[in-house]
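Note sheet for the following structure.
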Amino acid sequence: MTTVQTVLEADYAVIGLGVMGASTLHFLSQSGRKVVGIDTYSPPHRHGASHGGYKVTREAVAEGPAYLHFVRRTNELLRDFERRYDADLMQRTGTLIIGSQAADSSSSFLSDTVRTAEDNGIAHQVLSSGDLRKRYPQFIGVADEDAGYFEPGAGFIRPEPLLNLQIALAKQAGAAVLQNSAVRRVTPVEGGVEIETEGVRIRARQVVVAAGRWMGELLGGQFGPLLSVSRQRTFTFKALDTAAYQAGRFPTLMWFRQGVGGACATVFPLEGSGDGIKFFVADTDVDPLASGSSDRFFQRHVQPFFGGVSPVLRMSETCFYTSTPDDGFLLDWHPDIPGLFLVSACSGHGFKHALGVGEAVAAVLAGRPVPDLSAFSLERFSTNSPRS
């Protein structure tokens, strides 16, 4: 029996409504054109990388100068959204980055961050190890070689409210949003691109694929090995000294610790009456469902460095990073499907750039001037072996 499918015509379609896709959908919807957004689930959801309550932001991005426009523009747009829609999208706790100045340190993240701030007039403070111990006595693992970079205007973005707002604004502007609609295939057709989901075909003049962890599988070919997916996990432990971890006394933190091979612990301050402190260390090979795994995380990454924290696990969450071989963004046209634009920007440092990226991608599709995107081209991988 043949299934009858509904056919929708659109000027633009966005596949994947995580933060990058939702931002792109929002800005495309402002064009007055017919726009469709599609997601396998009902965003915001917990199957990708755009959830979890907190996402670190800072303006002095050590990942490279090509990202500076995006983060600055995102901060401008966040302030505008908050003012215009009376929305609580960002907590400006200040962001503190701690790293080692030891000669044998393998990480230049701290020095690169300081240099970026100095070169671009970003307000900041540089703190010695003594300064850190005095200001933050709850940091019991500060080494003599450690130093800190503090950016007072930074902090963390709230992912779920931001996604909800952008999708709502896109709908108000006339965009159609298809939730719980998995995309089966994307193919070129005369005059554009056809997207097939169960029961619906969308024919759009131009399409953006921002499908995160599903992107390699959906596009196939070179994109399967090019885009690697890793499961990441956060751990929330009970605070014994809640006052020490409240915003105001505790910033949004990134701490590169020599004692554990330079691994970075990202930690968020408490809010309200809650007593759970969220910790994240990338690529931590632990399963909280397995006996003792959260204990091992606590013993390695929390107990030697933070005072006033209990090993009692309040909660653990997962998300998925989708990474290119150089951990940079991929923002480029598909080489074989005209009208298909690729957005893969969630290698663990994408969220703080999302509004700027969405605005730029919408401009690309409309043929308007955009910042130089050559640093994010697909071509840069043509002579590199994809990550295995």
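By order in the structure tokens, chains are A, B, ...; within a chain, residues start at 1; ligands start at 1, following the order shown.
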Quick one: pick out all strand (DSSP E) residues within range 119-356 of chain A from a backbone DSSP run and write them as a CSV table (one decimal) with N, CA and C atoms, in the first residue's frame.
chain,number,residue,atom,x,y,z
A,125,GLN,N,40.5,40.9,34.3
A,125,GLN,CA,41.6,40.9,35.3
A,125,GLN,C,42.4,39.7,35.2
A,126,VAL,N,43.7,39.8,35.5
A,126,VAL,CA,44.6,38.7,35.5
A,126,VAL,C,45.0,38.5,37.0
A,127,LEU,N,44.8,37.3,37.5
A,127,LEU,CA,45.0,36.9,38.9
A,127,LEU,C,46.1,36.0,39.1
A,146,ASP,N,49.7,28.3,39.0
A,146,ASP,CA,48.4,28.7,38.4
A,146,ASP,C,48.2,30.2,38.4
A,147,ALA,N,47.5,30.6,37.4
A,147,ALA,CA,47.0,32.0,37.3
A,147,ALA,C,45.6,32.0,36.7
A,148,GLY,N,45.0,33.1,36.9
A,148,GLY,CA,43.6,33.2,36.4
A,148,GLY,C,43.3,34.4,35.5
A,149,TYR,N,42.3,34.2,34.6
A,149,TYR,CA,41.8,35.3,33.8
A,149,TYR,C,40.3,35.4,34.2
A,150,PHE,N,39.9,36.6,34.6
A,150,PHE,CA,38.5,36.8,35.0
A,150,PHE,C,37.9,37.9,34.1
A,151,GLU,N,36.8,37.5,33.5
A,151,GLU,CA,36.0,38.4,32.6
A,151,GLU,C,34.7,38.7,33.3
A,155,GLY,N,29.7,34.9,31.8
A,155,GLY,CA,29.0,34.0,32.7
A,155,GLY,C,28.4,32.8,31.9
A,156,PHE,N,27.1,32.6,32.0
A,156,PHE,CA,26.5,31.4,31.3
A,156,PHE,C,25.2,31.8,30.7
A,157,ILE,N,24.9,31.1,29.6
A,157,ILE,CA,23.7,31.3,28.9
A,157,ILE,C,22.7,30.1,29.3
A,176,ALA,N,6.7,27.6,9.8
A,176,ALA,CA,6.1,26.3,10.2
A,176,ALA,C,7.2,25.4,10.9
A,177,VAL,N,6.9,24.8,12.0
A,177,VAL,CA,7.8,23.9,12.7
A,177,VAL,C,7.2,22.5,12.8
A,178,LEU,N,8.0,21.6,12.2
A,178,LEU,CA,7.6,20.2,12.3
A,178,LEU,C,8.4,19.5,13.3
A,183,VAL,N,14.1,13.2,9.6
A,183,VAL,CA,14.4,13.3,8.1
A,183,VAL,C,15.0,12.0,7.6
A,184,ARG,N,14.4,11.5,6.6
A,184,ARG,CA,15.0,10.2,6.0
A,184,ARG,C,16.0,10.5,5.0
A,185,ARG,N,15.8,11.5,4.2
A,185,ARG,CA,16.8,11.7,3.1
A,185,ARG,C,16.7,13.1,2.6
A,186,VAL,N,17.8,13.6,2.1
A,186,VAL,CA,17.8,15.0,1.5
A,186,VAL,C,18.4,14.8,0.1
A,187,THR,N,17.7,15.3,-1.0
A,187,THR,CA,18.1,15.0,-2.3
A,187,THR,C,17.9,16.3,-3.2
A,188,PRO,N,18.8,16.5,-4.1
A,188,PRO,CA,18.7,17.7,-5.0
A,188,PRO,C,17.5,17.5,-6.0
A,189,VAL,N,16.7,18.5,-6.2
A,189,VAL,CA,15.7,18.5,-7.2
A,189,VAL,C,15.8,19.8,-8.0
A,192,GLY,N,15.9,23.4,-6.4
A,192,GLY,CA,16.2,23.4,-4.9
A,192,GLY,C,16.5,22.0,-4.3
A,193,VAL,N,16.0,21.7,-3.2
A,193,VAL,CA,16.3,20.5,-2.4
A,193,VAL,C,15.0,19.9,-1.9
A,194,GLU,N,14.9,18.6,-1.9
A,194,GLU,CA,13.8,17.9,-1.3
A,194,GLU,C,14.1,17.2,-0.1
A,195,ILE,N,13.3,17.4,1.0
A,195,ILE,CA,13.5,16.7,2.2
A,195,ILE,C,12.4,15.8,2.5
A,196,GLU,N,12.7,14.5,2.8
A,196,GLU,CA,11.7,13.5,3.0
A,196,GLU,C,11.6,13.1,4.5
A,197,THR,N,10.4,13.3,5.0
A,197,THR,CA,10.2,12.8,6.4
A,197,THR,C,9.0,11.8,6.3
A,200,VAL,N,5.6,13.5,5.0
A,200,VAL,CA,5.7,14.9,4.5
A,200,VAL,C,7.0,15.0,3.6
A,201,ARG,N,6.8,15.6,2.5
A,201,ARG,CA,8.0,16.0,1.7
A,201,ARG,C,8.0,17.5,1.6
A,202,ILE,N,9.2,18.1,1.9
A,202,ILE,CA,9.3,19.5,1.8
A,202,ILE,C,10.3,19.8,0.6
A,203,ARG,N,9.8,20.7,-0.3
A,203,ARG,CA,10.7,21.1,-1.4
A,203,ARG,C,11.0,22.6,-1.1
A,204,ALA,N,12.3,22.9,-0.9
A,204,ALA,CA,12.7,24.2,-0.5
A,204,ALA,C,13.8,24.7,-1.5
A,205,ARG,N,13.8,26.0,-1.7
A,205,ARG,CA,14.8,26.6,-2.6
A,205,ARG,C,16.2,26.4,-2.0
A,206,GLN,N,16.3,26.6,-0.7
A,206,GLN,CA,17.5,26.5,0.0
A,206,GLN,C,17.3,25.8,1.4
A,207,VAL,N,18.3,25.0,1.8
A,207,VAL,CA,18.1,24.2,3.0
A,207,VAL,C,19.4,24.3,3.9
A,208,VAL,N,19.2,24.5,5.2
A,208,VAL,CA,20.3,24.4,6.1
A,208,VAL,C,20.2,23.1,6.9
A,209,VAL,N,21.3,22.4,7.0
A,209,VAL,CA,21.3,21.2,7.8
A,209,VAL,C,22.2,21.5,9.0
A,228,SER,N,32.6,13.3,14.0
A,228,SER,CA,32.6,12.3,15.0
A,228,SER,C,31.7,12.7,16.2
A,229,VAL,N,31.0,11.8,16.8
A,229,VAL,CA,30.0,12.0,17.8
A,229,VAL,C,30.5,11.4,19.1
A,230,SER,N,30.5,12.1,20.2
A,230,SER,CA,31.0,11.6,21.5
A,230,SER,C,29.9,12.0,22.6
A,231,ARG,N,29.7,11.0,23.4
A,231,ARG,CA,28.8,11.2,24.6
A,231,ARG,C,29.5,11.9,25.7
A,232,GLN,N,29.0,13.0,26.2
A,232,GLN,CA,29.5,13.7,27.3
A,232,GLN,C,28.6,13.7,28.5
A,233,ARG,N,29.2,13.9,29.7
A,233,ARG,CA,28.3,13.7,30.9
A,233,ARG,C,28.7,14.8,31.9
A,234,THR,N,27.6,15.3,32.6
A,234,THR,CA,27.9,16.2,33.7
A,234,THR,C,27.5,15.5,35.0
A,235,PHE,N,28.1,16.0,36.1
A,235,PHE,CA,27.8,15.4,37.4
A,235,PHE,C,27.4,16.6,38.4
A,236,THR,N,26.3,16.5,39.1
A,236,THR,CA,25.9,17.5,40.0
A,236,THR,C,26.0,16.9,41.4
A,237,PHE,N,26.9,17.5,42.2
A,237,PHE,CA,27.2,17.0,43.6
A,237,PHE,C,26.6,18.0,44.6
A,238,LYS,N,26.2,17.5,45.8
A,238,LYS,CA,25.7,18.3,46.8
A,238,LYS,C,26.7,19.2,47.4
A,239,ALA,N,26.3,20.5,47.6
A,239,ALA,CA,27.2,21.5,48.2
A,239,ALA,C,27.1,21.4,49.7
A,252,THR,N,31.3,31.5,37.0
A,252,THR,CA,31.4,30.4,36.1
A,252,THR,C,32.8,30.1,35.8
A,253,LEU,N,33.2,28.8,35.9
A,253,LEU,CA,34.6,28.5,36.0
A,253,LEU,C,35.1,27.5,35.0
A,254,MET,N,36.3,27.7,34.4
A,254,MET,CA,37.0,26.7,33.6
A,254,MET,C,38.4,26.6,34.2
A,255,TRP,N,38.7,25.4,34.7
A,255,TRP,CA,40.0,25.2,35.4
A,255,TRP,C,40.8,24.1,34.7
A,256,PHE,N,41.9,24.5,34.1
A,256,PHE,CA,42.8,23.5,33.4
A,256,PHE,C,43.8,23.1,34.5
A,257,ARG,N,43.7,21.9,35.0
A,257,ARG,CA,44.5,21.4,36.2
A,257,ARG,C,45.6,20.5,35.8
A,263,ALA,N,43.4,18.4,32.3
A,263,ALA,CA,41.9,18.3,32.0
A,263,ALA,C,41.2,19.6,32.6
A,264,CYS,N,40.3,20.1,31.8
A,264,CYS,CA,39.5,21.3,32.2
A,264,CYS,C,38.2,20.9,33.0
A,265,ALA,N,38.0,21.4,34.2
A,265,ALA,CA,36.8,21.2,34.9
A,265,ALA,C,36.0,22.5,34.7
A,266,THR,N,34.8,22.3,34.1
A,266,THR,CA,33.8,23.4,34.0
A,266,THR,C,32.8,23.3,35.1
A,267,VAL,N,32.6,24.4,35.9
A,267,VAL,CA,31.8,24.3,37.1
A,267,VAL,C,30.9,25.6,37.1
A,276,GLY,N,23.0,21.9,44.5
A,276,GLY,CA,23.7,21.0,43.6
A,276,GLY,C,24.6,21.7,42.7
A,277,ILE,N,25.9,21.4,42.8
A,277,ILE,CA,27.0,22.1,41.9
A,277,ILE,C,27.3,21.2,40.7
A,278,LYS,N,27.1,21.8,39.5
A,278,LYS,CA,27.3,21.0,38.3
A,278,LYS,C,28.8,21.1,37.9
A,279,PHE,N,29.4,19.9,37.6
A,279,PHE,CA,30.8,19.7,37.2
A,279,PHE,C,30.8,19.0,35.8
A,280,PHE,N,31.7,19.5,35.0
A,280,PHE,CA,31.8,18.8,33.7
A,280,PHE,C,33.3,18.8,33.3
A,281,VAL,N,33.7,17.6,32.9
A,281,VAL,CA,35.1,17.4,32.4
A,281,VAL,C,34.9,16.6,31.1
A,309,VAL,N,32.3,20.5,49.2
A,309,VAL,CA,31.5,19.7,48.3
A,309,VAL,C,31.4,18.3,48.8
A,310,SER,N,30.2,17.7,48.8
A,310,SER,CA,29.9,16.4,49.2
A,310,SER,C,30.0,15.4,48.0
A,311,PRO,N,30.4,14.1,48.3
A,311,PRO,CA,30.3,13.2,47.2
A,311,PRO,C,28.9,12.7,46.8
A,312,VAL,N,27.9,13.2,47.5
A,312,VAL,CA,26.5,12.8,47.2
A,312,VAL,C,26.1,13.3,45.9
A,313,LEU,N,25.8,12.4,45.0
A,313,LEU,CA,25.4,12.8,43.6
A,313,LEU,C,24.0,13.2,43.6
A,314,ARG,N,23.7,14.4,43.1
A,314,ARG,CA,22.3,14.9,43.0
A,314,ARG,C,21.7,14.5,41.7
A,315,MET,N,22.5,14.6,40.6
A,315,MET,CA,22.0,14.3,39.3
A,315,MET,C,23.2,14.1,38.3
A,316,SER,N,22.9,13.4,37.2
A,316,SER,CA,23.9,13.3,36.1
A,316,SER,C,23.1,13.4,34.8
A,317,GLU,N,23.7,14.1,33.8
A,317,GLU,CA,23.0,14.3,32.5
A,317,GLU,C,24.0,14.0,31.4
A,318,THR,N,23.5,13.7,30.3
A,318,THR,CA,24.3,13.4,29.1
A,318,THR,C,24.0,14.4,28.0
A,319,CYS,N,25.0,14.7,27.1
A,319,CYS,CA,24.7,15.4,25.9
A,319,CYS,C,25.7,14.8,24.9
A,320,PHE,N,25.6,15.3,23.6
A,320,PHE,CA,26.5,14.7,22.6
A,320,PHE,C,27.2,15.8,21.8
A,321,TYR,N,28.5,15.7,21.8
A,321,TYR,CA,29.3,16.6,20.9
A,321,TYR,C,29.4,16.0,19.5
A,322,THR,N,29.3,16.9,18.5
A,322,THR,CA,29.6,16.5,17.1
A,322,THR,C,30.8,17.3,16.7
A,323,SER,N,31.9,16.7,16.4
A,323,SER,CA,33.1,17.4,16.2
A,323,SER,C,33.7,17.1,14.9
A,330,LEU,N,32.0,23.9,11.0
A,330,LEU,CA,31.8,23.7,9.6
A,330,LEU,C,30.6,24.6,9.1
A,331,LEU,N,30.9,25.6,8.3
A,331,LEU,CA,29.9,26.5,7.8
A,331,LEU,C,30.2,26.7,6.3
A,332,ASP,N,29.5,25.9,5.5
A,332,ASP,CA,29.8,25.9,4.1
A,332,ASP,C,28.7,25.2,3.3
A,333,TRP,N,28.7,25.5,2.0
A,333,TRP,CA,27.8,24.8,1.1
A,333,TRP,C,28.2,23.4,0.8
A,340,LEU,N,22.2,23.6,-0.5
A,340,LEU,CA,22.3,23.0,0.8
A,340,LEU,C,23.5,23.5,1.6
A,341,PHE,N,23.2,24.2,2.7
A,341,PHE,CA,24.2,24.8,3.5
A,341,PHE,C,24.4,24.0,4.8
A,342,LEU,N,25.7,23.8,5.2
A,342,LEU,CA,26.0,22.9,6.3
A,342,LEU,C,26.4,23.7,7.5
A,343,VAL,N,25.8,23.4,8.6
A,343,VAL,CA,26.1,24.1,9.9
A,343,VAL,C,26.4,23.0,10.9
A,344,SER,N,27.7,22.8,11.2
A,344,SER,CA,28.1,21.9,12.3
A,344,SER,C,29.0,22.7,13.2
Helix (DSSP H, G or I) residues, from DSSP on the backbone, in range 48-241 of chain A, as a ChimeraX atom specification: /A:65-85,109-119,129-135,159-172,212-219,223-226
Applying 12 Å and only C-alpha atoms, which residues near Ala22 in chain A remain after dropping the ones on its own chain fewer than 2 positions away? List them as a count of residues only. 52
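Comparing the minimum interatomic distances between Gly53 in chain A and each of A:Asp88, A:Asp119, A:Asp372, A:Glu76, counting only C-alpha atoms, we find that A:Asp88 sits nearest.
CA of Gln138 in chain A is found 18.4 Å from CA of Phe297 in chain A.
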